[in-house]
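Input: a single structure, listed below in structure tokens.
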Amino acid sequence: MTEHTCDDSCSLGHVSLSEFEWHDLSVEEVMFSSKGLKLTLCPFNESSKEYESYRLELDGELDYCMENSFSSTSLNCLEITTLDYRESKNGKISGVLGFLPGDDGYWEIRFNNVAWLLTKLSF
């Protein structure tokens, strides 16, 4: 991932994956493509009592495992349950991302040696 683009309404700040807990983490938007995955995440900030917006991008080959069918309504309740990863010397990561789409099953996205970018979005 050599360049990150964002529309003119937001500014970016690069963030470490250890910035917040990857459990019960609301997902506002999911974008799958042949090149990777983009997620808009909404962790709750206890000190400001507000939700914040972050974008996680994984660039590389991903394996998707989605159990059961799900409705678009389930996506309103989509949350990340786990992010288990290890970072290699080249800065790329390998691991698994777990999701709950409401009450409609469980998803896992596995990745090996992918480029990543986590940014805080400000509107």
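For the structure tokens, the naming scheme is as follows: chains receive sequential letters (A, B, ...) according to their order of presentation, residues are indexed from 1 within each chain, and ligands are indexed from 1 in presentation order.
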Problem set entry | Distance query Leu62 (chain A) at most 7 Å, only C-alpha atoms, self and fewer than 6 positions along chain excluded, as number ranges by chain | A: 36, 109-111
Non-local contacts of Thr82 (chain A) (7 Å; only C-alpha atoms; under 5 positions in same chain excluded) as a PDB file with N, CA, C and O atoms, in the first residue's frame:
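File produced: out_27.pdb:
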ATOM      1  N   TRP A  22      -9.723  -4.736  20.090  1.00  0.00           N
ATOM      2  CA  TRP A  22     -10.398  -5.321  18.929  1.00  0.00           C
ATOM      3  C   TRP A  22     -11.430  -6.330  19.395  1.00  0.00           C
ATOM      4  O   TRP A  22     -11.365  -7.525  19.085  1.00  0.00           O
ATOM      5  N   HIS A  23     -12.414  -5.853  20.142  1.00  0.00           N
ATOM      6  CA  HIS A  23     -13.497  -6.694  20.646  1.00  0.00           C
ATOM      7  C   HIS A  23     -14.724  -5.799  20.811  1.00  0.00           C
ATOM      8  O   HIS A  23     -14.610  -4.673  21.285  1.00  0.00           O
ATOM      9  N   LEU A  97      -9.218 -12.008  11.330  1.00  0.00           N
ATOM     10  CA  LEU A  97     -10.158 -10.997  11.803  1.00  0.00           C
ATOM     11  C   LEU A  97     -11.506 -11.684  11.954  1.00  0.00           C
ATOM     12  O   LEU A  97     -11.981 -12.322  11.007  1.00  0.00           O
ATOM     13  N   GLY A  98     -12.119 -11.614  13.139  1.00  0.00           N
ATOM     14  CA  GLY A  98     -13.414 -12.261  13.387  1.00  0.00           C
ATOM     15  C   GLY A  98     -14.531 -11.233  13.485  1.00  0.00           C
ATOM     16  O   GLY A  98     -14.344 -10.156  14.062  1.00  0.00           O
TER      17      GLY A  98
END
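The protein and nucleic acid residues lying at most 12 Å from Asn76 (chain A) are A:Ser26, A:Val27, A:Glu28, A:Glu29, A:Val30, A:Phe70, A:Ser71, A:Ser72, A:Thr73, A:Glu79, A:Leu100, A:Pro101, A:Gly102, A:Asp103, A:Asp104, with only C-alpha atoms considered and sequence neighbours fewer than 3 positions away removed.
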Problem set entry | Backbone-only DSSP, strand (DSSP E or B) members of chain A, as a VMD selection string | chain A and resid 11 to 14 25 to 33 36 to 42 44 to 45 50 to 51 53 to 59 62 to 66 78 to 87 93 to 101 107 to 122
If we count only C-alpha atoms, what is near region 37-47 of chain A at a cut-off of 6 Å, once residues fewer than 2 positions away on the same chain are taken out, given as a PDB file with N, CA and C atoms, in the first residue's frame?
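File written: around-v6.pdb
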ATOM      1  N   LEU A  25     -16.271  -4.182  18.628  1.00  0.00           N
ATOM      2  CA  LEU A  25     -15.929  -2.970  17.895  1.00  0.00           C
ATOM      3  C   LEU A  25     -16.889  -2.804  16.717  1.00  0.00           C
ATOM      4  N   SER A  26     -17.701  -1.768  16.751  1.00  0.00           N
ATOM      5  CA  SER A  26     -18.701  -1.528  15.711  1.00  0.00           C
ATOM      6  C   SER A  26     -18.048  -1.261  14.360  1.00  0.00           C
ATOM      7  N   VAL A  27     -18.665  -1.827  13.313  1.00  0.00           N
ATOM      8  CA  VAL A  27     -18.213  -1.624  11.943  1.00  0.00           C
ATOM      9  C   VAL A  27     -19.309  -0.877  11.199  1.00  0.00           C
ATOM     10  N   GLU A  28     -18.978   0.280  10.678  1.00  0.00           N
ATOM     11  CA  GLU A  28     -19.952   1.107   9.967  1.00  0.00           C
ATOM     12  C   GLU A  28     -20.027   0.752   8.491  1.00  0.00           C
ATOM     13  N   GLU A  29     -18.892   0.369   7.907  1.00  0.00           N
ATOM     14  CA  GLU A  29     -18.855   0.112   6.473  1.00  0.00           C
ATOM     15  C   GLU A  29     -17.816  -0.962   6.170  1.00  0.00           C
ATOM     16  N   VAL A  30     -18.156  -1.851   5.222  1.00  0.00           N
ATOM     17  CA  VAL A  30     -17.254  -2.907   4.769  1.00  0.00           C
ATOM     18  C   VAL A  30     -17.159  -2.814   3.253  1.00  0.00           C
ATOM     19  N   MET A  31     -15.939  -2.822   2.734  1.00  0.00           N
ATOM     20  CA  MET A  31     -15.737  -2.826   1.285  1.00  0.00           C
ATOM     21  C   MET A  31     -14.771  -3.951   0.918  1.00  0.00           C
ATOM     22  N   PHE A  32     -15.309  -4.984   0.248  1.00  0.00           N
ATOM     23  CA  PHE A  32     -14.508  -6.099  -0.233  1.00  0.00           C
ATOM     24  C   PHE A  32     -14.104  -5.816  -1.677  1.00  0.00           C
ATOM     25  N   LYS A  49     -16.800  10.490  25.469  1.00  0.00           N
ATOM     26  CA  LYS A  49     -18.171   9.936  25.429  1.00  0.00           C
ATOM     27  C   LYS A  49     -18.770  10.034  24.021  1.00  0.00           C
ATOM     28  N   GLU A  50     -17.917   9.842  23.009  1.00  0.00           N
ATOM     29  CA  GLU A  50     -18.357   9.896  21.617  1.00  0.00           C
ATOM     30  C   GLU A  50     -17.730   8.755  20.825  1.00  0.00           C
ATOM     31  N   TYR A  51     -18.391   8.402  19.734  1.00  0.00           N
ATOM     32  CA  TYR A  51     -17.819   7.430  18.811  1.00  0.00           C
ATOM     33  C   TYR A  51     -16.849   8.138  17.884  1.00  0.00           C
ATOM     34  N   GLU A  52     -15.757   7.464  17.555  1.00  0.00           N
ATOM     35  CA  GLU A  52     -14.780   7.989  16.618  1.00  0.00           C
ATOM     36  C   GLU A  52     -14.806   7.125  15.361  1.00  0.00           C
ATOM     37  N   SER A  53     -14.206   7.589  14.294  1.00  0.00           N
ATOM     38  CA  SER A  53     -14.167   6.838  13.043  1.00  0.00           C
ATOM     39  C   SER A  53     -12.727   6.556  12.640  1.00  0.00           C
ATOM     40  N   TYR A  54     -12.478   5.300  12.299  1.00  0.00           N
ATOM     41  CA  TYR A  54     -11.174   4.850  11.821  1.00  0.00           C
ATOM     42  C   TYR A  54     -11.388   4.033  10.558  1.00  0.00           C
ATOM     43  N   ARG A  55     -10.370   3.995   9.718  1.00  0.00           N
ATOM     44  CA  ARG A  55     -10.421   3.132   8.543  1.00  0.00           C
ATOM     45  C   ARG A  55      -9.253   2.161   8.609  1.00  0.00           C
ATOM     46  N   LEU A  56      -9.581   0.872   8.493  1.00  0.00           N
ATOM     47  CA  LEU A  56      -8.569  -0.174   8.402  1.00  0.00           C
ATOM     48  C   LEU A  56      -8.562  -0.685   6.971  1.00  0.00           C
ATOM     49  N   GLU A  57      -7.388  -0.704   6.378  1.00  0.00           N
ATOM     50  CA  GLU A  57      -7.232  -1.236   5.025  1.00  0.00           C
ATOM     51  C   GLU A  57      -6.250  -2.394   5.075  1.00  0.00           C
ATOM     52  N   LEU A  58      -6.641  -3.502   4.472  1.00  0.00           N
ATOM     53  CA  LEU A  58      -5.764  -4.646   4.291  1.00  0.00           C
ATOM     54  C   LEU A  58      -5.599  -4.834   2.796  1.00  0.00           C
TER      55      LEU A  58
END
Exercise. If you run DSSP on this backbone, which residues of chain A come out as helix (DSSP H, G or I), and could you give them as a ChimeraX atom specification?
Worked result: /A:17-19,72-77
Residue selection dump (C-alpha atoms) as a PDB file, in the first residue's frame:
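Resulting contents of part_25.pdb:
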ATOM      1  CA  LEU A  17      -3.127  -1.548  15.529  1.00  0.00           C
ATOM      2  CA  SER A  18      -2.710  -1.608  19.309  1.00  0.00           C
ATOM      3  CA  GLU A  19      -4.498   1.761  19.633  1.00  0.00           C
ATOM      4  CA  SER A  72     -28.786  -6.299   5.185  1.00  0.00           C
ATOM      5  CA  THR A  73     -30.358  -5.612   8.590  1.00  0.00           C
ATOM      6  CA  SER A  74     -27.631  -7.767  10.175  1.00  0.00           C
ATOM      7  CA  LEU A  75     -25.039  -5.379   8.817  1.00  0.00           C
ATOM      8  CA  ASN A  76     -26.433  -2.667  11.098  1.00  0.00           C
ATOM      9  CA  CYS A  77     -25.137  -4.767  14.007  1.00  0.00           C
TER      10      CYS A  77
END
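All residues of protein, DNA or RNA that reach within 12 Å of Ser88 (chain A), judged by only C-alpha atoms and not counting those fewer than 6 positions away in the chain, are Ser94, Gly95, Asn112, Asn113, Val114, Ala115 and Trp116 of chain A.
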Write a file of the selected residues as a CSV table (one decimal), in the first residue's frame, keeping N, CA and C atoms.
chain,number,residue,atom,x,y,z
A,94,SER,N,0.1,-10.9,9.3
A,94,SER,CA,-0.6,-12.1,9.0
A,94,SER,C,-1.5,-12.4,10.2
A,95,GLY,N,-2.7,-13.0,9.9
A,95,GLY,CA,-3.6,-13.3,11.1
A,95,GLY,C,-5.0,-13.6,10.6
A,112,ASN,N,-2.4,-13.3,5.0
A,112,ASN,CA,-1.1,-13.7,5.2
A,112,ASN,C,-0.2,-12.7,4.5
A,113,ASN,N,0.7,-12.0,5.2
A,113,ASN,CA,1.7,-11.1,4.7
A,113,ASN,C,1.0,-10.0,3.8
A,114,VAL,N,0.0,-9.3,4.4
A,114,VAL,CA,-0.6,-8.2,3.7
A,114,VAL,C,-0.2,-6.9,4.3
A,115,ALA,N,-0.2,-5.9,3.4
A,115,ALA,CA,0.1,-4.5,3.8
A,115,ALA,C,-1.2,-4.0,4.5
A,116,TRP,N,-1.0,-3.1,5.5
A,116,TRP,CA,-2.1,-2.6,6.3
A,116,TRP,C,-1.9,-1.1,6.5
For this session: Provide the CA of Ser122 (chain A) to CA of Gly60 (chain A) distance in Å, to one decimal place.
Result: 26.1 Å
Exercise. What gap, in Å, lies between CA of Asn68 (chain A) and CA of Val96 (chain A)?
Worked result: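 Separating CA of Asn68 (chain A) from CA of Val96 (chain A) is a distance of 18.8 Å.
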Seminar exercise, completed: Atom pair CA of Trp107 (chain A) + CA of Lys92 (chain A), distance 22.1 Å
Polymer residues at most 7 Å from Phe99 (chain A), only C-alpha atoms, same-chain spacing of 3 or more positions, as a PDB file with C-alpha atoms, in the first residue's frame:
ATOM      1  CA  LEU A  78     -21.818  -5.834  12.462  1.00  0.00           C
ATOM      2  CA  GLU A  79     -18.948  -5.881  14.932  1.00  0.00           C
ATOM      3  CA  ILE A  80     -15.392  -7.118  15.114  1.00  0.00           C
ATOM      4  CA  THR A  81     -14.932  -9.746  17.796  1.00  0.00           C
ATOM      5  CA  TYR A 106     -19.814 -15.725  12.298  1.00  0.00           C
ATOM      6  CA  TRP A 107     -17.279 -14.511   9.736  1.00  0.00           C
ATOM      7  CA  GLU A 108     -13.541 -14.891   9.606  1.00  0.00           C
TER       8      GLU A 108
END
